[in-house]
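Student: What follows is input.pdb, made up of PDB, C-alpha atoms:
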```
ATOM      1  CA  MET A 198       7.233  -6.152 -19.390
ATOM      2  CA  GLU A 199       3.446  -5.925 -19.324
ATOM      3  CA  ALA A 200       3.404  -6.798 -15.605
ATOM      4  CA  LEU A 201       5.935  -4.048 -14.905
ATOM      5  CA  VAL A 202       3.885  -1.395 -16.714
ATOM      6  CA  THR A 203       0.633  -2.563 -15.118
ATOM      7  CA  SER A 204       2.181  -2.544 -11.644
ATOM      8  CA  PHE A 205       3.645   0.908 -12.187
ATOM      9  CA  VAL A 206       0.361   2.392 -13.397
ATOM     10  CA  LEU A 207      -1.695   0.836 -10.591
ATOM     11  CA  ILE A 208       0.724   1.837  -7.855
ATOM     12  CA  PHE A 209       1.210   5.324  -9.293
ATOM     13  CA  THR A 210      -2.523   6.032  -9.410
ATOM     14  CA  SER A 211      -3.263   4.507  -6.004
ATOM     15  CA  GLU A 212      -0.483   6.443  -4.281
ATOM     16  CA  MET A 213      -1.509   9.885  -5.542
ATOM     17  CA  GLY A 214      -2.581  12.099  -2.665
ATOM     18  CA  ASP A 215      -1.755   9.747   0.154
ATOM     19  CA  LYS A 216       0.188  10.468   3.340
ATOM     20  CA  SER A 217       3.565   9.674   1.809
ATOM     21  CA  GLN A 218       3.007  12.279  -0.894
ATOM     22  CA  LEU A 219       2.094  14.866   1.718
ATOM     23  CA  MET A 220       5.205  13.943   3.721
ATOM     24  CA  SER A 221       7.290  14.321   0.578
ATOM     25  CA  MET A 222       5.973  17.823   0.021
ATOM     26  CA  ALA A 223       6.659  18.703   3.654
ATOM     27  CA  PHE A 224      10.215  17.338   3.474
ATOM     28  CA  ALA A 225      10.796  19.244   0.231
ATOM     29  CA  THR A 226      10.258  22.462   2.178
ATOM     30  CA  LEU A 227      13.005  21.503   4.644
ATOM     31  CA  PHE A 228      15.577  19.646   2.542
ATOM     32  CA  LYS A 229      17.009  19.771  -0.958
ATOM     33  CA  VAL A 230      14.792  18.256  -3.631
ATOM     34  CA  ARG A 231      17.490  15.798  -4.671
ATOM     35  CA  THR A 232      17.850  14.499  -1.106
ATOM     36  CA  VAL A 233      14.087  14.055  -0.767
ATOM     37  CA  LEU A 234      13.763  12.247  -4.102
ATOM     38  CA  ILE A 235      16.642   9.877  -3.388
ATOM     39  CA  SER A 236      15.292   9.148   0.085
ATOM     40  CA  ILE A 237      11.796   8.448  -1.233
ATOM     41  CA  PHE A 238      13.198   6.188  -3.944
ATOM     42  CA  ILE A 239      15.221   4.166  -1.434
ATOM     43  CA  ALA A 240      12.298   3.927   0.993
ATOM     44  CA  ALA A 241       9.966   2.748  -1.781
ATOM     45  CA  LEU A 242      12.491   0.133  -2.909
ATOM     46  CA  ILE A 243      12.842  -1.205   0.612
ATOM     47  CA  ASN A 244       9.111  -1.175   1.310
ATOM     48  CA  ASN A 245       8.111  -2.828  -1.951
ATOM     49  CA  GLY A 246      11.094  -5.190  -1.819
ATOM     50  CA  ILE A 247       9.983  -6.491   1.576
ATOM     51  CA  ALA A 248       6.436  -6.921   0.245
ATOM     52  CA  VAL A 249       7.651  -8.877  -2.791
ATOM     53  CA  ILE A 250       9.926 -11.115  -0.739
ATOM     54  CA  PHE A 251       7.196 -11.741   1.836
ATOM     55  CA  GLY A 252       4.615 -12.407  -0.895
ATOM     56  CA  SER A 253       6.814 -14.872  -2.763
ATOM     57  CA  TYR A 254       7.716 -16.606   0.499
ATOM     58  CA  ILE A 255       4.073 -16.949   1.534
ATOM     59  CA  THR A 256       2.958 -18.413  -1.798
ATOM     60  CA  GLU A 257       5.472 -21.239  -1.383
ATOM     61  CA  TYR A 258       3.596 -22.469   1.687
ATOM     62  CA  ILE A 259       0.015 -21.280   1.234
ATOM     63  CA  PRO A 260      -1.932 -21.878  -1.999
ATOM     64  CA  ILE A 261      -2.874 -18.681  -3.845
ATOM     65  CA  PHE A 262      -6.590 -19.496  -3.551
ATOM     66  CA  TYR A 263      -6.438 -19.164   0.248
ATOM     67  CA  ILE A 264      -4.437 -15.954   0.023
ATOM     68  CA  LYS A 265      -6.998 -14.410  -2.344
ATOM     69  CA  PHE A 266      -9.858 -15.630  -0.171
ATOM     70  CA  SER A 267      -8.241 -14.180   2.969
ATOM     71  CA  ALA A 268      -7.601 -10.869   1.208
ATOM     72  CA  ALA A 269     -11.247 -10.707   0.093
ATOM     73  CA  LEU A 270     -12.485 -11.414   3.622
ATOM     74  CA  LEU A 271     -10.168  -8.785   5.100
ATOM     75  CA  PHE A 272     -11.277  -6.268   2.478
ATOM     76  CA  LEU A 273     -14.931  -6.895   3.358
ATOM     77  CA  PHE A 274     -14.206  -6.780   7.098
ATOM     78  CA  PHE A 275     -12.401  -3.440   6.930
ATOM     79  CA  GLY A 276     -15.008  -1.993   4.570
ATOM     80  CA  ILE A 277     -17.905  -2.993   6.807
ATOM     81  CA  SER A 278     -16.117  -1.837   9.967
ATOM     82  CA  THR A 279     -15.457   1.542   8.317
ATOM     83  CA  LEU A 280     -19.120   1.889   7.378
ATOM     84  CA  ILE A 281     -20.221   0.997  10.913
ATOM     85  CA  GLU A 282     -17.746   3.478  12.359
ATOM     86  CA  GLU A 283     -19.040   6.230  10.061
ATOM     87  CA  GLU A 284     -22.647   5.514  11.084
ATOM     88  CA  THR A 285     -21.653   5.685  14.750
ATOM     89  CA  LYS A 286     -19.942   9.055  14.207
ATOM     90  CA  GLN A 287     -23.001  10.454  12.391
ATOM     91  CA  GLU A 288     -25.349   9.398  15.206
ATOM     92  CA  LYS A 289     -23.366  11.339  17.828
TER      93      LYS A 289
END
```
Show the structure stored in the file as structure tokens.

Tutor:
Amino acid sequence: MEALVTSFVLIFTSEMGDKSQLMSMAFATLFKVRTVLISIFIAALINNGIAVIFGSYITEYIPIFYIKFSAALLFLFFGISTLIEEETKQEK
């Protein structure tokens, strides 16, 4: 139960103000609220379901240490590339 609550809180706070929330507001102007909410719920279930299935499948074949290490390297790579890109934009 603790994992469920922790996951919910982390995902809820990280998703606030992202593109999917903006799309939801835009769709709410075109369609009924109930239709938008049901559609978002189904899309989130599918998206997160695929992530969970893929994650559990990967950990059967690759030790978690290597997955964490790869995630850390990718995080650093994207962070550094974003900083370099920002510096390039400021120089122009």

Student: Take atom CA of Phe238 of chain A and atom CA of Phe209 of chain A and report the distance between them in Å, one decimal.

Tutor: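 These atoms are spaced 13.2 Å apart.
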
Student: Would you compute the box with edges along x, y and z of the file around segment 219-225 of chain A, including every atom the file lists for it and 8 Å extra on each side, and give its centre and edge lengths in Å to one decimal, as JSON?

Tutor:
```
{"center_x": 6.4, "center_y": 16.6, "center_z": 1.9, "size_x": 24.7, "size_y": 21.3, "size_z": 19.7}
```

Student: May I ask for the distance between atom CA of Glu282 of chain A and atom CA of Leu219 of chain A, given in Å to one decimal place?

Tutor: 25.2 Å

Student: Taking 5 positions as the minimum chain separation for residues in the same chain, which residues sit within 12 Å of Ser221 of chain A when counting only C-alpha atoms? Answer as number ranges by chain.

Tutor: A: 213-216, 226-238, 240

Student: Of the candidates A:Thr279, A:Ile208, A:Glu284, A:Val202, which one gets nearest to Asn245 of chain A if we count all atoms listed in the file?

Tutor: A:Ile208

Student: Rounded to one decimal place, report the atom CA of Phe205 of chain A-atom CA of Ala269 of chain A distance in Å.

Tutor: 22.5 Å

Student: Could segment 228-253 of chain A be completed with N, CA and C atoms and written as a short mmCIF file (atom, residue, chain, number, x, y, z; two decimals), in the coordinates of the input, please?

Tutor:
```cif
data_model
loop_
_atom_site.label_atom_id
_atom_site.label_comp_id
_atom_site.auth_asym_id
_atom_site.auth_seq_id
_atom_site.Cartn_x
_atom_site.Cartn_y
_atom_site.Cartn_z
N PHE A 228 14.34 20.20 3.08
CA PHE A 228 15.58 19.65 2.54
C PHE A 228 15.66 19.89 1.04
N LYS A 229 16.83 19.64 0.49
CA LYS A 229 17.01 19.77 -0.96
C LYS A 229 16.15 18.74 -1.68
N VAL A 230 15.67 19.13 -2.85
CA VAL A 230 14.79 18.26 -3.63
C VAL A 230 15.49 16.94 -3.96
N ARG A 231 16.75 17.01 -4.32
CA ARG A 231 17.49 15.80 -4.67
C ARG A 231 17.55 14.83 -3.49
N THR A 232 17.80 15.35 -2.30
CA THR A 232 17.85 14.50 -1.11
C THR A 232 16.51 13.83 -0.84
N VAL A 233 15.43 14.59 -0.99
CA VAL A 233 14.09 14.06 -0.77
C VAL A 233 13.77 12.97 -1.79
N LEU A 234 14.06 13.23 -3.06
CA LEU A 234 13.76 12.25 -4.10
C LEU A 234 14.55 10.96 -3.92
N ILE A 235 15.82 11.07 -3.60
CA ILE A 235 16.64 9.88 -3.39
C ILE A 235 16.13 9.10 -2.18
N SER A 236 15.80 9.81 -1.12
CA SER A 236 15.29 9.15 0.08
C SER A 236 13.98 8.43 -0.17
N ILE A 237 13.08 9.07 -0.91
CA ILE A 237 11.80 8.45 -1.23
C ILE A 237 12.00 7.22 -2.10
N PHE A 238 12.92 7.32 -3.07
CA PHE A 238 13.20 6.19 -3.94
C PHE A 238 13.72 5.00 -3.14
N ILE A 239 14.65 5.25 -2.24
CA ILE A 239 15.22 4.17 -1.43
C ILE A 239 14.16 3.56 -0.51
N ALA A 240 13.35 4.42 0.11
CA ALA A 240 12.30 3.93 0.99
C ALA A 240 11.28 3.08 0.23
N ALA A 241 10.91 3.51 -0.97
CA ALA A 241 9.97 2.75 -1.78
C ALA A 241 10.55 1.40 -2.20
N LEU A 242 11.84 1.39 -2.56
CA LEU A 242 12.49 0.13 -2.91
C LEU A 242 12.49 -0.84 -1.73
N ILE A 243 12.82 -0.34 -0.57
CA ILE A 243 12.84 -1.20 0.61
C ILE A 243 11.45 -1.71 0.95
N ASN A 244 10.48 -0.81 0.97
CA ASN A 244 9.11 -1.18 1.31
C ASN A 244 8.54 -2.20 0.33
N ASN A 245 8.65 -1.91 -0.95
CA ASN A 245 8.11 -2.83 -1.95
C ASN A 245 8.94 -4.10 -2.05
N GLY A 246 10.25 -4.00 -1.82
CA GLY A 246 11.09 -5.19 -1.82
C GLY A 246 10.69 -6.16 -0.72
N ILE A 247 10.43 -5.64 0.47
CA ILE A 247 9.98 -6.49 1.58
C ILE A 247 8.65 -7.14 1.23
N ALA A 248 7.74 -6.38 0.63
CA ALA A 248 6.44 -6.92 0.24
C ALA A 248 6.57 -8.04 -0.78
N VAL A 249 7.44 -7.86 -1.76
CA VAL A 249 7.65 -8.88 -2.79
C VAL A 249 8.27 -10.14 -2.19
N ILE A 250 9.27 -9.96 -1.36
CA ILE A 250 9.93 -11.12 -0.74
C ILE A 250 8.93 -11.86 0.15
N PHE A 251 8.18 -11.12 0.96
CA PHE A 251 7.20 -11.74 1.84
C PHE A 251 6.11 -12.45 1.02
N GLY A 252 5.64 -11.80 -0.05
CA GLY A 252 4.62 -12.41 -0.90
C GLY A 252 5.08 -13.67 -1.58
N SER A 253 6.31 -13.67 -2.10
CA SER A 253 6.81 -14.87 -2.76
C SER A 253 7.08 -15.98 -1.75
#
```
